[in-house]
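Asks: My structure is below; once you've seen it, I'll send some questions.
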Amino acid sequence: MGKTIAEKIFDSHRVDNPFGDIHVIRLDAVFCHEITTPVAINDLVSRGMDRVFDPKKIKAVIDHVTPAKDSKTALQGKILRDWARRHDIIDFFDIGKNGVCHAIFPEKGFVRPGYTIIMGDSHTCTHGAFGAFAAGVGTTDLEVGILKGVCAFHYPKSIKVVVDGELPKGVFAKDVILAIIGRLGVNGATNKVIEFEGSVVDSMSMEARMTLCNMAIEAGGTCGICAPDMTTVDYLWDFIKDDYKDKDSALADFRTYTADADAEYDQVIRMNAAELSPMVTFGYKPDQVKPVKDMEGTAVHQVYIGSCTNGRLEDLRIAAEILKGKTISPELRAIVSPATPDIFKKALDEGIIKIFMDAGFCVTNPTCGACLGMSNGVLAEGEVCASTTNRNFNGRMGKGGMVHLMSPATAAETAVAGVIKNSSMYKG
Amino acid sequence: MKQFNGKVLFLDRSDINTDEIIPARYLTEISKEALKPYLLEDLELQGFDVKKDIEPAQVVISRANFGCGSSREHAPWAFEVNDINLVIGESFARIFKQNMFNCGMMAVELAPETIDEIFSTFKGKETTLETDLASGTFTLSSGSVKKEIPFSISGFDRALVEAEGWVGYADKHY
Ligand code: SF4
């Protein structure tokens, strides 16, 4: 019987199979941020086990609340910073060099096809875009990952989602994943890996694939995965060019981590891209999804463009294309947060930041910020936010606030219109 | 190994979520101890008095889907620092259950009829529970009423309990 991508990764990383379908796998990378890691660090210290399995395989960033907003968040940053210094963790990104974890780590070349990665963060599934198995875990799993470089999982089952055809203009990866979550439901992929396939996925950039995989967890999925191809090789080439004689040999190597034709899936879902349209969420769960046209006219108080879902250069370019020469509605305020310093710099060079500022956007430093309602754009009770983030839970961006998830194109158009509106790019 | 014996706190409701166990506003705490005063702070349940009922308890018995909601490990920790290492219920949310065993604590499932029987026999009375892990038996007693209830946990979960959690287990094996 053939194997799925996740099964191949597990089979090449297994160190133990202690009980039943429990498999302990070797980790290629452990990612850390300042919200969930400090407790693990303190626990290791108190056990007299303040060690790391391999400082080169641990990557850390302060991203959730940065610069710190109060003494408690300052202490969380300090614990991570002191720990990174103490253990010579070179890939530690402090204030000035920091950005949203799931944007900055791939950008630095830390994610490769076939890798196994854990992080104390549910959106770790993002990194599956490279053909890696990447999963969010609790603090104890993170702690063991830091100490031993292993993690235990149930042997993975996969759901295959095939998106074929061509996306209509103005329909983006965000709309595709919202439509998929709408179909699967918030628990539809619980304990499973979602493998994305089809001509639409093949033609997507790495940024778009990350948007797709980022929200696998919103359907309960452990990880989202795209098979590595030449797009993956191109993205990683600067980091791997010394390891391969040319791109074709890199591709041949990466192709180890593609699914077999006779792999077994729990479920296969097929979608026709031509039938998809821009989507938006309407309730407090990410599977409460509607076409944007059914929500047009909904009043909005704040527009937020950023996060690990849609704060990358490609996202900012799309929004800027819509905002160019326009100003935002006086009925609302708008915030853009480029996800990493590199994205910020490129957006500056391309004149994108100026377009945002001329339109009336507040431009923040790279941070999770408003996405989790801790800083940089928290909503007041009763307020509505049109957001390119990934969670619309009750209170997510501020107690009593409502979040409508959408693509950067829809968010930019909404900023100009003052109410939810389909982007001018979409002619449906 | 942790202690799984002591006075029982009955929480007679399904779907008690991690926000009720430990509210999100305490996630900026960086030690488990700091969570101690806030356990079940937002739980509103008839007959439950957060100020009086937690201090003496060492075991919680509840209903279905206990620990649903966010994946925060702060939920088991908040129990742990209050010396409650055992939660018994009809069923648990997956991550909560894993987090419990990862901490060397136990989340044990019993059949709905058994849970019903426990509630009807013991709820509202001073009740203690003793755990015999080797034979897989809980003994509940209140005054002269005594009841033995068999239970089982998976091999991996048992190994985690014996190792006082995933850190201890992994340190020994890997
Ligand atoms: S941007 Fe939002 S969803 Fe992404 S890691 Fe940060 S808080 Fe989590």
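Chain labels A, B, ... are given in the sequence in which chains occur in the structure tokens; within each chain residues are numbered consecutively from 1, and ligands are likewise numbered from 1 in the order shown.
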Go through chain A residue by residue and, counting only C-alpha atoms and all ligand atoms, keep those with an atom at most 8 Å from ligand 1; for each kept residue give the shortest atom pair and its distance in Å to one decimal, ordered by chain and increasing number, as CSV.
Replies:
residue,atom,partner,partner_atom_place_in_ligand_line,distance
A:Asp63,CA,ligand 1,6 (Fe),7.1
A:His64,CA,ligand 1,6 (Fe),5.7
A:Val100,CA,ligand 1,6 (Fe),5.8
A:Cys101,CA,ligand 1,5 (S),6.1
A:His102,CA,ligand 1,5 (S),6.4
A:Asp121,CA,ligand 1,5 (S),6.7
A:Ser122,CA,ligand 1,8 (Fe),7.3
A:His123,CA,ligand 1,3 (S),6.1
A:Thr124,CA,ligand 1,5 (S),8.0
A:Gly306,CA,ligand 1,1 (S),7.3
A:Ser307,CA,ligand 1,1 (S),3.7
A:Cys308,CA,ligand 1,4 (Fe),4.2
A:Thr309,CA,ligand 1,4 (Fe),6.5
A:Thr367,CA,ligand 1,1 (S),7.2
A:Cys368,CA,ligand 1,6 (Fe),4.0
A:Gly369,CA,ligand 1,7 (S),7.1
A:Ala370,CA,ligand 1,2 (Fe),7.8
A:Cys371,CA,ligand 1,2 (Fe),4.5
A:Leu372,CA,ligand 1,7 (S),4.8
A:Thr389,CA,ligand 1,2 (Fe),6.5
A:Asn390,CA,ligand 1,3 (S),6.0
A:Arg391,CA,ligand 1,3 (S),7.1
Asks: Can you pull out the residues contacting A:Ser277? Cut-off 8 Å, using only C-alpha atoms, and skip same-chain residues under 5 positions away; I want them as a PyMOL selection string.
Replies: chain A and resi 168+171+175+291-292+428
Asks: If the cut-off is 9 Å, can you tell me the residues of chain A near chain B, counting only C-alpha atoms? I'd like them as an MDAnalysis selection string.
Replies: chainID A and resid 15:16 18:20 22 35:36 38:39 42:43 72:73 75:76 122 137:141 143:144 147:151 191
Asks: Taking only stretch 24-54 of chain A into account, list the residues labelled strand (DSSP E or B) by DSSP (computed from the backbone), as a tab-separated table (two decimals) with N, CA and C atoms, in the first residue's frame.
Replies:
chain	number	residue	atom	x	y	z
A	24	VAL	N	6.86	7.89	18.43
A	24	VAL	CA	7.71	8.98	18.88
A	24	VAL	C	8.63	9.31	17.71
A	25	ILE	N	8.61	10.58	17.28
A	25	ILE	CA	9.42	10.97	16.12
A	25	ILE	C	10.51	11.98	16.49
A	26	ARG	N	11.58	11.91	15.73
A	26	ARG	CA	12.69	12.84	15.89
A	26	ARG	C	12.30	14.17	15.25
A	29	ALA	N	13.19	20.55	13.87
A	29	ALA	CA	13.20	21.92	14.40
A	29	ALA	C	12.15	22.07	15.49
A	30	VAL	N	12.49	22.88	16.50
A	30	VAL	CA	11.52	23.25	17.53
A	30	VAL	C	11.46	24.78	17.53
A	31	PHE	N	10.27	25.31	17.26
A	31	PHE	CA	10.09	26.76	17.21
A	31	PHE	C	9.51	27.25	18.54
A	32	CYS	N	9.93	28.44	18.95
A	32	CYS	CA	9.50	28.95	20.26
A	32	CYS	C	9.08	30.41	20.18
A	33	HIS	N	8.03	30.78	20.90
A	33	HIS	CA	7.72	32.20	21.09
A	33	HIS	C	7.48	32.50	22.56
Asks: With only C-alpha atoms as the atoms that count, which of A:Asp266, A:Met271, A:Arg112, A:Glu218 lies nearest to A:Phe254?
Replies: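 The closest residue to A:Phe254 is A:Arg112.
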Asks: Closest to A:Gly120 among A:Ile95, A:Ala339, A:Ala84, A:Ile146, using only C-alpha atoms?
Replies: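 Checking each of A:Ile95, A:Ala339, A:Ala84, A:Ile146 against A:Gly120, counting only C-alpha atoms, the winner is A:Ile146.
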Asks: Run DSSP on the backbone and tell me which residues of chain B come out as alpha helix (DSSP H); list them as an NGL selection string.
Replies: :B and (18-21 or 50-53 or 74-80 or 94-102 or 112-122 or 155-162 or 166-173)
Asks: Can you write out the residues you just picked, keeping C-alpha atoms, as a short mmCIF file (atom, residue, chain, number, x, y, z; two decimals), in the first residue's frame?
Replies:
data_model
loop_
_atom_site.label_atom_id
_atom_site.label_comp_id
_atom_site.auth_asym_id
_atom_site.auth_seq_id
_atom_site.Cartn_x
_atom_site.Cartn_y
_atom_site.Cartn_z
CA THR B 18 -10.81 25.55 29.55
CA ASP B 19 -11.94 29.18 29.83
CA GLU B 20 -14.06 28.19 32.81
CA ILE B 21 -11.16 26.20 34.25
CA VAL B 50 -15.27 28.59 44.25
CA LYS B 51 -14.12 30.09 47.55
CA LYS B 52 -14.93 27.07 49.71
CA ASP B 53 -15.01 23.99 47.47
CA HIS B 74 -2.75 26.13 31.98
CA ALA B 75 -5.96 24.15 32.63
CA PRO B 76 -4.24 20.99 33.99
CA TRP B 77 -1.68 23.19 35.74
CA ALA B 78 -4.36 25.12 37.57
CA PHE B 79 -5.64 21.78 38.92
CA GLU B 80 -2.13 20.52 39.66
CA ARG B 94 -8.49 15.35 23.18
CA ILE B 95 -5.86 17.99 23.97
CA PHE B 96 -6.97 18.46 27.58
CA LYS B 97 -6.69 14.72 28.17
CA GLN B 98 -3.25 14.54 26.54
CA ASN B 99 -2.07 17.54 28.53
CA MET B 100 -3.26 15.89 31.78
CA PHE B 101 -1.26 12.70 31.18
CA ASN B 102 1.67 14.75 29.85
CA PRO B 112 -22.23 7.37 31.47
CA GLU B 113 -24.30 4.93 33.61
CA THR B 114 -21.45 4.63 36.09
CA ILE B 115 -21.08 8.42 36.26
CA ASP B 116 -24.87 8.72 36.78
CA GLU B 117 -24.71 6.20 39.58
CA ILE B 118 -21.81 8.00 41.26
CA PHE B 119 -23.66 11.31 41.12
CA SER B 120 -26.89 9.85 42.47
CA THR B 121 -25.13 7.99 45.29
CA PHE B 122 -22.54 10.51 46.42
CA GLY B 155 -0.54 1.58 28.20
CA PHE B 156 1.01 4.86 27.13
CA ASP B 157 -1.09 6.88 29.58
CA ARG B 158 -0.12 4.53 32.42
CA ALA B 159 3.54 4.87 31.50
CA LEU B 160 3.20 8.67 31.59
CA VAL B 161 1.60 8.53 35.04
CA GLU B 162 4.34 6.25 36.37
CA TRP B 166 6.00 13.09 29.46
CA VAL B 167 9.14 14.98 30.56
CA GLY B 168 10.09 12.20 32.96
CA TYR B 169 9.18 9.46 30.48
CA ALA B 170 11.09 11.04 27.61
CA ASP B 171 14.10 11.79 29.80
CA LYS B 172 14.35 8.13 30.69
CA HIS B 173 13.74 6.68 27.23
#
Asks: Give me the residues within 7 Å of A:Phe393 as an MDAnalysis selection string, counting only C-alpha atoms and dropping any in the same chain fewer than 3 places off.
Replies: chainID A and resid 284:285 396
Asks: Limited to C-alpha atoms, could you put the picked residues into a file as a tab-separated table (two decimals), in the first residue's frame?
Replies:
chain	number	residue	atom	x	y	z
A	284	TYR	CA	-17.86	33.21	15.98
A	285	LYS	CA	-16.59	30.02	14.34
A	396	ARG	CA	-10.58	37.06	19.94
Asks: Take atom CA of A:Gly373 and atom CA of A:Arg85 and report the distance between them in Å, one decimal.
Replies: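 Answer for the atom CA of A:Gly373 to atom CA of A:Arg85 separation: 29.3 Å.
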Asks: When distances are computed from only C-alpha atoms, which of A:Val65, A:Ala216, A:Asp349, A:Thr232 shows the smallest separation from A:Asp287?
Replies: A:Ala216
Asks: Which one of A:Gly220, A:Gly182, A:Pro228, A:Pro55 sits closest to A:Ala250 if you count only C-alpha atoms?
Replies: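 Using only C-alpha atoms, A:Ala250 sits closest to A:Pro228.
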Asks: Using only C-alpha atoms, determine which residues lie at most 8 Å from stretch 6-15 of chain B, disregarding the query and same-chain residues fewer than 6 positions distant; provide the list as a ChimeraX atom specification.
Replies: /B:45,48,53-54,56-68,119,123,126-130
Asks: Fewer than 2 positions away in the same chain doesn't count, so skip those; otherwise give me all residues within 7 Å of stretch 402-414 of chain A, counting only C-alpha atoms, as a PyMOL selection string.
Replies: chain A and resi 172+174-175+279-282+303+305+310+315+318-319+322-323+383-390+392+394+400+416-423
Asks: Set the distance at 8 Å and use only C-alpha atoms: which residues neighbour B:Phe138 once local chain neighbours fewer than 6 positions away are removed? I'd like the list as a compact mmCIF listing (two decimals) with N, CA and C atoms, in the first residue's frame.
Replies:
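Once everything was written out, this is out22.txt:
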# COMPACT_ATOMS: atom_id res chain seq x y z
N LEU B 129 -12.18 9.47 47.63
CA LEU B 129 -11.90 8.48 46.62
C LEU B 129 -10.48 7.97 46.80
N GLU B 130 -10.32 6.65 46.67
CA GLU B 130 -8.97 6.08 46.69
C GLU B 130 -8.71 5.37 45.39
N THR B 131 -7.49 5.53 44.87
CA THR B 131 -7.15 4.94 43.58
C THR B 131 -6.16 3.81 43.79
N ASP B 132 -6.50 2.64 43.26
CA ASP B 132 -5.53 1.54 43.21
C ASP B 132 -5.15 1.37 41.75
N GLU B 148 -16.87 0.17 44.92
CA GLU B 148 -15.65 -0.07 44.15
C GLU B 148 -15.96 0.02 42.66
N ILE B 149 -15.17 0.79 41.95
CA ILE B 149 -15.43 0.99 40.52
C ILE B 149 -14.16 0.70 39.71
N PRO B 150 -14.25 -0.29 38.80
CA PRO B 150 -13.07 -0.59 37.97
C PRO B 150 -12.87 0.47 36.89
N PHE B 151 -11.61 0.73 36.53
CA PHE B 151 -11.33 1.66 35.43
C PHE B 151 -10.12 1.16 34.65
